[in-house]
Each structure stands twice: as structure tokens, then as C-alpha cells.
$ cat protein17.cif   # mmCIF, C-alpha atoms
data_start
#
loop_
_atom_site.label_atom_id
_atom_site.label_comp_id
_atom_site.auth_asym_id
_atom_site.auth_seq_id
_atom_site.Cartn_x
_atom_site.Cartn_y
_atom_site.Cartn_z
CA MET A 1 0.00 0.00 0.00
CA LEU A 2 1.43 3.35 -1.02
CA TYR A 3 1.25 6.50 1.08
CA THR A 4 2.59 9.24 -1.15
CA VAL A 5 1.71 12.60 -2.66
CA VAL A 6 2.59 11.41 -6.17
CA PRO A 7 -0.43 10.19 -8.19
CA ILE A 8 -0.40 6.42 -8.58
CA GLU A 9 -0.68 6.62 -12.40
CA GLN A 10 2.51 8.67 -12.49
CA ILE A 11 4.35 6.13 -10.35
CA MET A 12 3.17 3.10 -12.31
CA ASP A 13 3.60 4.69 -15.76
CA GLN A 14 5.40 2.13 -17.89
CA LYS A 15 6.77 4.42 -20.62
CA GLU A 16 10.32 3.28 -20.03
CA GLN A 17 10.56 -0.46 -20.19
CA ARG A 18 14.05 -0.96 -18.86
CA SER A 19 16.18 0.94 -16.43
CA HIS A 20 19.32 2.54 -17.84
CA TYR A 21 21.01 2.03 -14.54
CA GLN A 22 22.26 -1.01 -12.77
CA GLU A 23 23.73 -1.67 -9.36
CA MET A 24 27.35 -2.66 -9.02
CA ASN A 25 29.99 -2.85 -6.32
CA ILE A 26 33.00 -0.68 -7.11
CA SER A 27 35.89 -0.84 -4.63
CA GLY A 28 33.45 -2.40 -2.19
CA ILE A 29 30.91 0.41 -2.45
CA PRO A 30 27.45 -0.22 -3.90
CA CYS A 31 26.97 2.18 -6.83
CA TYR A 32 24.29 2.93 -9.37
CA VAL A 33 26.04 2.86 -12.71
CA GLU A 34 25.21 3.35 -16.37
CA LYS A 35 26.80 0.85 -18.75
CA LEU A 36 28.79 2.58 -21.51
CA SER A 37 30.59 -0.45 -22.92
CA ASP A 38 31.48 -3.93 -21.73
CA PHE A 39 34.13 -2.57 -19.39
CA GLU A 40 33.20 1.05 -18.91
CA TYR A 41 30.59 2.23 -16.46
CA LYS A 42 29.56 5.76 -15.55
CA ILE A 43 28.85 6.43 -11.86
CA ILE A 44 25.36 7.83 -11.33
CA ARG A 45 25.29 7.76 -7.54
CA ILE A 46 26.82 5.80 -4.75
CA HIS A 47 25.06 4.17 -1.87
CA THR A 48 26.93 4.30 1.42
CA SER A 49 26.48 5.94 4.80
CA ASP A 50 30.17 6.87 5.06
CA PRO A 51 30.38 10.60 4.21
CA LYS A 52 34.07 10.30 3.29
CA LYS A 53 33.29 8.05 0.35
CA TYR A 54 31.29 10.84 -1.29
CA LEU A 55 34.50 12.84 -1.59
CA ALA A 56 36.43 10.07 -3.35
CA LYS A 57 37.47 11.29 -6.78
CA GLU A 58 36.90 7.99 -8.58
CA LEU A 59 33.34 7.75 -7.21
CA GLN A 60 32.10 11.22 -8.19
CA PRO A 61 28.87 11.22 -10.22
CA GLY A 62 29.81 11.14 -13.89
CA ALA A 63 33.20 9.52 -13.26
CA ILE A 64 33.90 6.64 -15.61
CA VAL A 65 35.15 3.41 -14.13
CA ASN A 66 37.05 1.03 -16.37
CA LEU A 67 36.78 -2.48 -15.01
CA LYS A 68 39.96 -3.46 -16.90
CA ASP A 69 41.89 -1.27 -14.46
CA LYS A 70 40.42 -3.24 -11.60
CA LEU A 71 41.49 -6.66 -12.91
CA MET B 72 57.47 18.12 17.28
CA ASP B 73 54.13 16.56 16.45
CA ASN B 74 54.64 17.26 12.79
CA GLU B 75 58.00 15.53 12.88
CA LYS B 76 56.46 12.52 14.54
CA GLN B 77 53.70 12.39 11.94
CA GLU B 78 56.25 12.65 9.14
CA ASN B 79 58.23 9.78 10.61
CA LYS B 80 55.06 7.75 10.88
CA ASN B 81 54.24 8.48 7.24
CA LEU B 82 57.75 7.50 6.15
CA GLU B 83 57.46 4.30 8.10
CA ALA B 84 54.16 3.57 6.42
CA ILE B 85 55.75 4.00 3.01
CA ASN B 86 58.59 1.66 3.98
CA GLN B 87 56.35 -0.96 5.54
CA LEU B 88 53.28 -0.94 3.37
CA GLY B 89 54.17 1.01 0.27
CA GLN B 90 51.33 3.39 1.09
CA THR B 91 51.46 7.06 1.92
CA LYS B 92 48.51 7.13 4.26
CA VAL B 93 47.44 4.33 6.51
CA VAL B 94 45.55 6.09 9.27
CA SER B 95 42.27 7.34 7.91
CA ASP B 96 40.32 10.05 9.65
CA ASN B 97 37.01 8.23 9.60
CA SER B 98 34.03 10.31 10.61
CA ASN B 99 32.10 8.98 13.58
CA ILE B 100 28.95 10.44 12.03
CA HIS B 101 27.41 8.60 9.13
CA ILE B 102 24.70 9.83 6.80
CA VAL B 103 21.63 8.02 5.54
CA THR B 104 19.61 9.58 2.74
CA ILE B 105 15.91 8.94 2.22
CA ILE B 106 15.12 10.20 -1.28
CA GLY B 107 12.38 9.91 -3.89
CA GLN B 108 9.88 7.13 -3.35
CA VAL B 109 10.31 4.77 -0.44
CA GLU B 110 10.16 1.48 -2.32
CA GLY B 111 8.37 -1.45 -0.71
CA HIS B 112 7.62 -5.02 -1.72
CA LEU B 113 7.04 -3.97 -5.31
CA VAL B 114 9.89 -2.79 -7.56
CA LEU B 115 8.71 0.52 -9.01
CA PRO B 116 9.07 1.43 -12.70
CA PRO B 117 12.47 2.95 -13.60
CA GLN B 118 11.34 6.60 -13.86
CA ASN B 119 10.95 6.62 -10.06
CA LYS B 120 13.93 7.53 -7.94
CA THR B 121 13.70 5.21 -4.99
CA THR B 122 15.06 4.42 -1.55
CA LYS B 123 15.05 0.68 -0.99
CA TYR B 124 14.54 -0.83 2.45
CA GLU B 125 16.84 -3.75 1.61
CA HIS B 126 19.64 -1.16 1.38
CA ILE B 127 18.72 0.97 4.37
CA LEU B 128 17.76 -1.62 6.99
CA PRO B 129 20.99 -3.71 6.94
CA GLN B 130 22.99 -0.47 6.81
CA LEU B 131 21.28 0.80 9.96
CA VAL B 132 21.85 -2.48 11.79
CA ALA B 133 25.50 -2.44 10.70
CA ILE B 134 25.85 1.13 11.99
CA GLU B 135 24.25 0.16 15.31
CA GLN B 136 26.83 -2.61 15.72
CA ASN B 137 29.82 -0.51 14.72
CA PRO B 138 31.50 0.94 17.83
CA ASP B 139 33.28 3.61 15.73
CA ILE B 140 30.03 5.18 14.53
CA HIS B 141 28.42 7.36 17.18
CA GLY B 142 25.78 9.24 15.24
CA ILE B 143 23.58 9.20 12.17
CA LEU B 144 22.40 12.20 10.19
CA LEU B 145 19.25 11.42 8.22
CA LEU B 146 18.76 13.54 5.12
CA ILE B 147 15.13 13.42 4.04
CA ASN B 148 13.73 14.56 0.72
CA THR B 149 10.96 12.14 -0.09
CA VAL B 150 7.51 12.15 -1.66
CA GLY B 151 6.43 9.18 0.45
CA GLY B 152 5.99 5.61 -0.62
CA ASP B 153 5.24 2.17 0.75
CA VAL B 154 3.63 2.12 4.21
CA GLU B 155 5.30 -1.08 5.41
CA ALA B 156 8.76 -0.15 4.15
CA GLY B 157 8.52 3.39 5.54
CA LEU B 158 7.34 2.20 8.95
CA ALA B 159 10.06 -0.48 8.98
CA ILE B 160 12.77 2.13 8.40
CA ALA B 161 11.19 4.45 10.99
CA GLU B 162 10.95 1.69 13.61
CA VAL B 163 14.58 0.66 13.12
CA ILE B 164 15.77 4.26 13.47
CA ALA B 165 13.59 4.84 16.55
CA SER B 166 14.93 1.69 18.25
CA MET B 167 18.62 2.43 17.68
CA SER B 168 20.98 3.29 20.52
CA THR B 169 23.16 5.35 18.15
CA ALA B 170 22.30 9.06 18.29
CA THR B 171 20.09 10.09 15.35
CA VAL B 172 19.16 13.49 13.96
CA SER B 173 17.02 14.09 10.88
CA ILE B 174 16.73 17.08 8.55
CA VAL B 175 13.77 17.49 6.23
CA LEU B 176 15.01 19.20 3.06
CA GLY B 177 12.75 20.00 0.14
CA GLY B 178 9.97 17.68 1.16
CA GLY B 179 9.14 15.05 3.73
CA HIS B 180 5.67 14.02 2.67
CA SER B 181 3.32 11.19 3.63
CA ILE B 182 5.38 8.20 4.84
CA GLY B 183 8.37 10.56 5.09
CA ILE B 184 6.73 11.98 8.23
CA PRO B 185 7.18 8.88 10.45
CA ILE B 186 10.77 8.58 9.16
CA ALA B 187 11.48 12.24 10.00
CA VAL B 188 10.07 11.98 13.53
CA SER B 189 11.77 8.63 14.25
CA ALA B 190 15.11 10.36 14.93
CA ASP B 191 16.08 11.47 18.46
CA TYR B 192 15.84 15.08 17.25
CA SER B 193 14.35 16.40 14.02
CA PHE B 194 15.03 19.52 11.99
CA ILE B 195 13.31 21.08 9.00
CA VAL B 196 14.81 23.77 6.78
CA HIS B 197 12.78 26.97 6.28
CA THR B 198 11.65 26.11 2.76
CA ALA B 199 10.88 22.42 3.19
CA THR B 200 7.29 21.16 3.16
CA MET B 201 5.54 18.21 4.72
CA THR B 202 2.17 17.02 3.46
CA VAL B 203 -0.05 15.28 5.97
CA HIS B 204 -2.92 13.50 4.22
CA PRO B 205 -5.00 10.33 4.52
CA ILE B 206 -3.96 7.07 2.79
CA ARG B 207 -5.58 6.52 -0.57
CA LEU B 208 -6.95 3.27 -1.85
CA THR B 209 -6.14 2.20 -5.40
CA GLY B 210 -6.85 -0.86 -7.49
CA LEU B 211 -9.76 -3.21 -6.94
CA VAL B 212 -12.02 -1.96 -4.17
CA ILE B 213 -14.68 -4.24 -2.74
CA SER B 214 -17.37 -2.10 -1.21
CA VAL B 215 -17.69 -3.83 2.12
CA PRO B 216 -17.13 -2.34 5.58
CA GLN B 217 -13.96 -4.45 5.92
CA THR B 218 -12.29 -2.38 3.18
CA TYR B 219 -12.68 0.74 5.27
CA ASP B 220 -11.62 -1.06 8.44
CA HIS B 221 -8.43 -2.27 6.75
CA LEU B 222 -7.65 1.19 5.43
CA ASN B 223 -8.35 2.70 8.83
CA LYS B 224 -6.05 0.19 10.52
CA MET B 225 -3.19 1.09 8.16
CA GLN B 226 -3.78 4.76 8.92
CA GLU B 227 -3.85 4.15 12.67
CA ARG B 228 -0.41 2.53 12.48
CA ILE B 229 1.02 5.70 10.96
CA ILE B 230 -0.83 8.07 13.32
CA ASN B 231 0.25 6.07 16.40
CA PHE B 232 3.89 6.03 15.36
CA VAL B 233 3.97 9.78 14.64
CA VAL B 234 2.17 10.67 17.89
CA ASN B 235 4.47 8.42 19.96
CA ASN B 236 7.64 9.82 18.39
CA SER B 237 6.93 13.56 18.24
CA ARG B 238 5.38 16.31 20.35
CA ILE B 239 2.18 16.42 18.30
CA SER B 240 -1.05 15.21 19.92
CA ASP B 241 -3.25 12.54 18.38
CA GLU B 242 -6.02 15.08 18.02
CA SER B 243 -3.99 17.73 16.21
CA PHE B 244 -2.37 15.21 13.87
CA ARG B 245 -5.78 13.89 12.86
CA GLN B 246 -6.97 17.47 12.41
CA LEU B 247 -4.08 18.13 9.99
CA MET B 248 -4.69 14.86 8.19
CA PHE B 249 -8.40 15.37 7.61
CA ASN B 250 -8.25 19.11 6.99
CA THR B 251 -10.17 20.47 4.01
CA GLY B 252 -9.44 23.65 2.11
CA ASP B 253 -5.64 23.46 2.17
CA LEU B 254 -5.00 21.06 -0.71
CA ALA B 255 -6.49 21.72 -4.13
CA ARG B 256 -7.84 18.27 -4.89
CA ASP B 257 -7.36 16.41 -1.66
CA ILE B 258 -7.88 16.31 2.07
CA GLY B 259 -4.88 17.17 4.22
CA THR B 260 -2.44 19.92 5.16
CA VAL B 261 0.83 21.21 3.73
CA LEU B 262 3.19 22.34 6.49
CA VAL B 263 6.01 24.68 5.48
CA GLY B 264 9.17 24.91 7.66
CA ASN B 265 8.03 26.78 10.79
CA GLU B 266 4.50 25.37 10.62
CA ALA B 267 5.82 21.84 11.04
CA VAL B 268 7.65 22.98 14.19
CA ASN B 269 4.66 24.92 15.55
CA SER B 270 2.40 21.90 15.08
CA GLY B 271 4.79 19.82 17.20
CA LEU B 272 5.66 17.41 14.40
CA ILE B 273 9.29 18.54 14.04
CA ASP B 274 11.53 19.71 16.88
CA ALA B 275 13.22 22.76 15.32
CA VAL B 276 13.92 24.77 12.18
CA GLY B 277 17.53 24.40 11.12
CA GLY B 278 20.02 23.14 8.60
CA VAL B 279 23.17 21.05 8.44
CA HIS B 280 25.10 23.07 10.99
CA HIS B 281 22.31 22.90 13.58
CA ALA B 282 21.79 19.21 12.95
CA LEU B 283 25.48 18.35 13.32
CA SER B 284 25.79 20.44 16.50
CA MET B 285 22.76 18.69 17.98
CA LEU B 286 24.13 15.31 16.94
CA LYS B 287 27.44 16.02 18.65
CA ARG B 288 25.55 17.09 21.77
CA LEU B 289 23.48 13.89 21.76
CA ILE B 290 26.63 11.81 21.24
CA GLY B 291 28.19 13.58 24.23
CA GLU B 292 25.15 12.79 26.38
CA LYS B 293 25.17 9.12 25.38
#
$ encode --input "protein17.cif" --output "C-alpha cells"
Amino acid sequence: MLYTVVPIEQIMDQKEQRSHYQEMNISGIPCYVEKLSDFEYKIIRIHTSDPKKYLAKELQPGAIVNLKDKL
Amino acid sequence: MDNEKQENKNLEAINQLGQTKVVSDNSNIHIVTIIGQVEGHLVLPPQNKTTKYEHILPQLVAIEQNPDIHGILLLINTVGGDVEAGLAIAEVIASMSTATVSIVLGGGHSIGIPIAVSADYSFIVHTATMTVHPIRLTGLVISVPQTYDHLNKMQERIINFVVNNSRISDESFRQLMFNTGDLARDIGTVLVGNEAVNSGLIDAVGGVHHALSMLKRLIGEK
């Protein structure tokens, strides 16, 4: 049951079929990322309670992570 | 003298570990953000920005168990969402021994209200709004008295939690919830900054600085 000020039809609108974003752990931090290529992902936002992590350069929104560097 | 010592320590770290910095200045205050829709048992379509309870709840329990974390700052900017998920988050926050302070920024509507009041102390910024309104029923509705009873029961859960965790009385919260004439197409009340404090829902008007000062005070007391 939803308790929100947003109209239900707006919430359930199915215009977009698939999400552009996916969740991924980068350096141990759960991130929302956008897939650019097989190895490259753009950081959309990170999900952690540690305020210091939000200052990390490589985790800034828009930063591109290359998984090849992490291998 | 202290600088010299620190330099020596750093040099040692480079020699021993090949790293320049080993001691990290971890903050003992962590932040938890409640944004967009509070997502419940149903995954919402992708155009919704959501806060998921499966992220928040384990994080809160982990914080509670971590002896290095002494306080939590809750940043709230939500339009509401799932009743069960919202109440679950609010109950976990309310039952934590770690000091908690919340700030309502932008909006803390509907199910965002119990989450905002669940902290030990709550703040609202001047421009933020909180909408108090009744729960709406969507989907298949069977017109039997039980439908109303069920809806009423869900509403009572929210009212009870808010009344038990803030200064507002049961009577005034119901008055705000069932108010007519404030919302264009609905029953309810929009509280802006000061009004939320005057009604007793939120403890004080203030921003990040006030919230962090209060959090440090609460940590000191605990």
C-alpha cells in the first residue's frame, strides 16, 4: 500500500521499459552505474552511509570506471 | 614536534606498506539519505527515484553494531511511498541506541513523516514542506465495511507512530490529516518549515550546521 503525494498513475507509468542504470559494487561500495561499454561504467550515484566516500574522486557522479583497471 | 612525529610515521608507512597514508580520519557520524519514493515489496518502474529498504535496513543495523560510529544524520527529501517499508525504516531508526538526527530538506511528505520523527531530534529547513494526508486506496475496491476497516487500521499505524515519536497530539495530527481547504484536490495539510515545528511534528527549524551540533551534543550525552 502506497502513502505518497505522487499520483499512482505517475508512479506506475510504464513508458520506459528498462532501467538505464544497474547496481554494481565498485571498490566495495554499492553504486548505481550506467553501462557505456562492456568494461566502462559511468557512476550515477553511490550508496553508502560513510560521508568520506562521497568525496572520493573515482566515485564522483559522472566519473567513468574502467573495469579493466580493476582486474 | 608533532609534525615531525607524523612525518616519521608516514615514512614508516611508506617503507612498511608502500602506502602514503594508513591512518584514515574516519568520521564517527554517518549519513543516511531517504530520497524519492520509499520502495516497498514492489519494484517501481524505472522513472521513479527510490530508496530501498533492503539497502537501508541492513545499513542501519551495521551502523548500530559498529562501535566507531556514534551518530547518524538522516537527510530526508521524499515524496512518500510504501507504508510497510517506511514504517520499517522508521521503527529501526527509533529503536537504535546510536544518536540520530534528521533534517527534512525540500519535502518530507506522507510516509516521510514517520521517518522524520523517528530520529532522536528532528530539523526542518525553512523552505521544506511536509504534506499530511490520509492514505488513498487504489486498485480493486470491494465495497464492504472491511475495506474501510483495513484502510483505517493502516492509517492508525502511521498516526500512532507519529504521535508516539513527536510532540504532536493525536487530536492535532488527525486534524491536519483530515483538513479540508488546504490542498487543491485532496484532504490534508501542507506544512512549510516553521509550521511543522509549531504543530509539534518537528523539533526545530535548522540546517546542516544545527543538525550536526545537535548530533554532537546527543553523542556527548550518550
$ atom_distance --input "protein17.cif" --atom1 "atom CA of Val154 of chain B" --atom2 "atom CA of Thr260 of chain B"
18.8 Å
$ resolve_selection --input "protein17.cif" --expression "the PyMOL selection byres ((chain B) within 7 of (chain A))" --output "list in words"
His101, Ile102, Val103, Leu115, Pro116, Pro117, Asn119, Val150, Gly151, Gly152, Asp153, Val154, His180, Ser181, Ile182 and Ile206 of chain B
$ closest_residue --input "protein17.cif" --among "B:Tyr219, B:Ile273, B:Ser166, B:Lys123" --to "Thr200 of chain B" --atoms "only C-alpha atoms"
B:Ile273
$ atom_distance --input "protein17.cif" --atom1 "atom CA of Val163 of chain B" --atom2 "atom CA of Val132 of chain B"
8.0 Å
$ residues_around --input "protein17.cif" --residues "Ile29 of chain A" --least-positions-apart "2" --cutoff "8 Å" --atoms "all atoms listed in the file" --output "PyMOL selection string"
chain A and resi 25-27+31+46-48
$ write_last_selection --input "protein17.cif" --atoms "C-alpha atoms" --output "mmCIF file, keeping the file's coordinate frame"
data_model
loop_
_atom_site.group_PDB
_atom_site.id
_atom_site.type_symbol
_atom_site.label_atom_id
_atom_site.label_comp_id
_atom_site.auth_asym_id
_atom_site.auth_seq_id
_atom_site.Cartn_x
_atom_site.Cartn_y
_atom_site.Cartn_z
ATOM 1 C CA ASN A 25 29.990 -2.850 -6.320
ATOM 2 C CA ILE A 26 33.000 -0.680 -7.110
ATOM 3 C CA SER A 27 35.890 -0.840 -4.630
ATOM 4 C CA CYS A 31 26.970 2.180 -6.830
ATOM 5 C CA ILE A 46 26.820 5.800 -4.750
ATOM 6 C CA HIS A 47 25.060 4.170 -1.870
ATOM 7 C CA THR A 48 26.930 4.300 1.420
#
$ axis_aligned_box --input "protein17.cif" --around "segment 53-67 of chain A" --padding-each-side "5 Å" --output "AutoDock Vina command-line options"
--center_x 33.2 --center_y 5.2 --center_z -8.0 --size_x 18.6 --size_y 25.3 --size_z 26.7
$ residues_near_point --input "protein17.cif" --point "(23.9, 16.7, 10.2)" --cutoff "9 Å" --atoms "all atoms listed in the file" --output "PyMOL selection string"
chain B and resi 100-102+143-146+172-174+278-286
$ residues_near_point --input "protein17.cif" --point "(28.1, 1.1, -19.1)" --cutoff "10 Å" --atoms "all atoms listed in the file" --output "list in words"
His20, Tyr21, Gln22, Val33, Glu34, Lys35, Leu36, Ser37, Asp38, Phe39, Glu40, Tyr41, Lys42, Ile43, Ile64, Val65 and Asn66 of chain A
$ write_last_selection --input "protein17.cif" --atoms "C-alpha atoms" --output "JSON list (two decimals), in the frame of the given file"
[["chain", "number", "residue", "atom", "x", "y", "z"],
["A", 20, "HIS", "CA", 19.32, 2.54, -17.84],
["A", 21, "TYR", "CA", 21.01, 2.03, -14.54],
["A", 22, "GLN", "CA", 22.26, -1.01, -12.77],
["A", 33, "VAL", "CA", 26.04, 2.86, -12.71],
["A", 34, "GLU", "CA", 25.21, 3.35, -16.37],
["A", 35, "LYS", "CA", 26.80, 0.85, -18.75],
["A", 36, "LEU", "CA", 28.79, 2.58, -21.51],
["A", 37, "SER", "CA", 30.59, -0.45, -22.92],
["A", 38, "ASP", "CA", 31.48, -3.93, -21.73],
["A", 39, "PHE", "CA", 34.13, -2.57, -19.39],
["A", 40, "GLU", "CA", 33.20, 1.05, -18.91],
["A", 41, "TYR", "CA", 30.59, 2.23, -16.46],
["A", 42, "LYS", "CA", 29.56, 5.76, -15.55],
["A", 43, "ILE", "CA", 28.85, 6.43, -11.86],
["A", 64, "ILE", "CA", 33.90, 6.64, -15.61],
["A", 65, "VAL", "CA", 35.15, 3.41, -14.13],
["A", 66, "ASN", "CA", 37.05, 1.03, -16.37]]
$ atom_distance --input "protein17.cif" --atom1 "atom CA of Ser193 of chain B" --atom2 "atom CA of Ile160 of chain B"
15.4 Å
$ closest_residue --input "protein17.cif" --among "B:Thr209, B:Asn137, B:Asn250, B:Ser237" --to "Leu272 of chain B" --atoms "only C-alpha atoms"
B:Ser237
$ closest_residue --input "protein17.cif" --among "B:Val233, B:Ala187, B:Ala170, B:Val215" --to "Gly142 of chain B" --atoms "all atoms listed in the file"
B:Ala170
$ resolve_selection --input "protein17.cif" --expression "the PyMOL selection byres ((chain B and resi 204) around 8)" --output "VMD selection string"
chain B and resid 181 202 to 203 205 to 206 247 to 249 257 to 260
$ decode --input "protein17.cif" --residues "segment 3-71 of chain A" --atoms "C-alpha atoms" --output "mmCIF file, in the first residue's frame"
data_model
loop_
_atom_site.group_PDB
_atom_site.id
_atom_site.type_symbol
_atom_site.label_atom_id
_atom_site.label_comp_id
_atom_site.auth_asym_id
_atom_site.auth_seq_id
_atom_site.Cartn_x
_atom_site.Cartn_y
_atom_site.Cartn_z
ATOM 1 C CA TYR A 3 1.253 6.500 1.082
ATOM 2 C CA THR A 4 2.591 9.239 -1.147
ATOM 3 C CA VAL A 5 1.714 12.602 -2.655
ATOM 4 C CA VAL A 6 2.593 11.411 -6.170
ATOM 5 C CA PRO A 7 -0.431 10.194 -8.187
ATOM 6 C CA ILE A 8 -0.396 6.423 -8.584
ATOM 7 C CA GLU A 9 -0.682 6.620 -12.396
ATOM 8 C CA GLN A 10 2.514 8.669 -12.491
ATOM 9 C CA ILE A 11 4.349 6.126 -10.346
ATOM 10 C CA MET A 12 3.165 3.104 -12.310
ATOM 11 C CA ASP A 13 3.604 4.693 -15.756
ATOM 12 C CA GLN A 14 5.399 2.130 -17.894
ATOM 13 C CA LYS A 15 6.773 4.419 -20.618
ATOM 14 C CA GLU A 16 10.316 3.284 -20.031
ATOM 15 C CA GLN A 17 10.564 -0.465 -20.191
ATOM 16 C CA ARG A 18 14.052 -0.962 -18.856
ATOM 17 C CA SER A 19 16.176 0.935 -16.434
ATOM 18 C CA HIS A 20 19.320 2.544 -17.839
ATOM 19 C CA TYR A 21 21.007 2.034 -14.541
ATOM 20 C CA GLN A 22 22.259 -1.014 -12.774
ATOM 21 C CA GLU A 23 23.730 -1.667 -9.358
ATOM 22 C CA MET A 24 27.345 -2.659 -9.021
ATOM 23 C CA ASN A 25 29.991 -2.852 -6.317
ATOM 24 C CA ILE A 26 32.995 -0.675 -7.105
ATOM 25 C CA SER A 27 35.885 -0.844 -4.628
ATOM 26 C CA GLY A 28 33.453 -2.400 -2.187
ATOM 27 C CA ILE A 29 30.910 0.410 -2.445
ATOM 28 C CA PRO A 30 27.451 -0.217 -3.900
ATOM 29 C CA CYS A 31 26.973 2.177 -6.834
ATOM 30 C CA TYR A 32 24.287 2.928 -9.374
ATOM 31 C CA VAL A 33 26.043 2.862 -12.707
ATOM 32 C CA GLU A 34 25.210 3.346 -16.365
ATOM 33 C CA LYS A 35 26.800 0.854 -18.747
ATOM 34 C CA LEU A 36 28.786 2.580 -21.508
ATOM 35 C CA SER A 37 30.592 -0.447 -22.922
ATOM 36 C CA ASP A 38 31.484 -3.930 -21.733
ATOM 37 C CA PHE A 39 34.130 -2.569 -19.393
ATOM 38 C CA GLU A 40 33.204 1.050 -18.913
ATOM 39 C CA TYR A 41 30.587 2.235 -16.460
ATOM 40 C CA LYS A 42 29.562 5.755 -15.548
ATOM 41 C CA ILE A 43 28.848 6.426 -11.864
ATOM 42 C CA ILE A 44 25.356 7.830 -11.332
ATOM 43 C CA ARG A 45 25.287 7.759 -7.542
ATOM 44 C CA ILE A 46 26.823 5.801 -4.748
ATOM 45 C CA HIS A 47 25.061 4.172 -1.868
ATOM 46 C CA THR A 48 26.932 4.299 1.419
ATOM 47 C CA SER A 49 26.477 5.940 4.805
ATOM 48 C CA ASP A 50 30.171 6.871 5.057
ATOM 49 C CA PRO A 51 30.380 10.602 4.212
ATOM 50 C CA LYS A 52 34.068 10.301 3.291
ATOM 51 C CA LYS A 53 33.294 8.048 0.352
ATOM 52 C CA TYR A 54 31.285 10.841 -1.288
ATOM 53 C CA LEU A 55 34.496 12.842 -1.586
ATOM 54 C CA ALA A 56 36.427 10.065 -3.346
ATOM 55 C CA LYS A 57 37.472 11.287 -6.779
ATOM 56 C CA GLU A 58 36.897 7.989 -8.577
ATOM 57 C CA LEU A 59 33.336 7.751 -7.213
ATOM 58 C CA GLN A 60 32.099 11.217 -8.189
ATOM 59 C CA PRO A 61 28.872 11.216 -10.223
ATOM 60 C CA GLY A 62 29.811 11.143 -13.892
ATOM 61 C CA ALA A 63 33.201 9.518 -13.258
ATOM 62 C CA ILE A 64 33.895 6.645 -15.611
ATOM 63 C CA VAL A 65 35.148 3.408 -14.130
ATOM 64 C CA ASN A 66 37.048 1.028 -16.369
ATOM 65 C CA LEU A 67 36.784 -2.478 -15.007
ATOM 66 C CA LYS A 68 39.958 -3.463 -16.902
ATOM 67 C CA ASP A 69 41.892 -1.267 -14.463
ATOM 68 C CA LYS A 70 40.417 -3.239 -11.603
ATOM 69 C CA LEU A 71 41.487 -6.663 -12.915
#
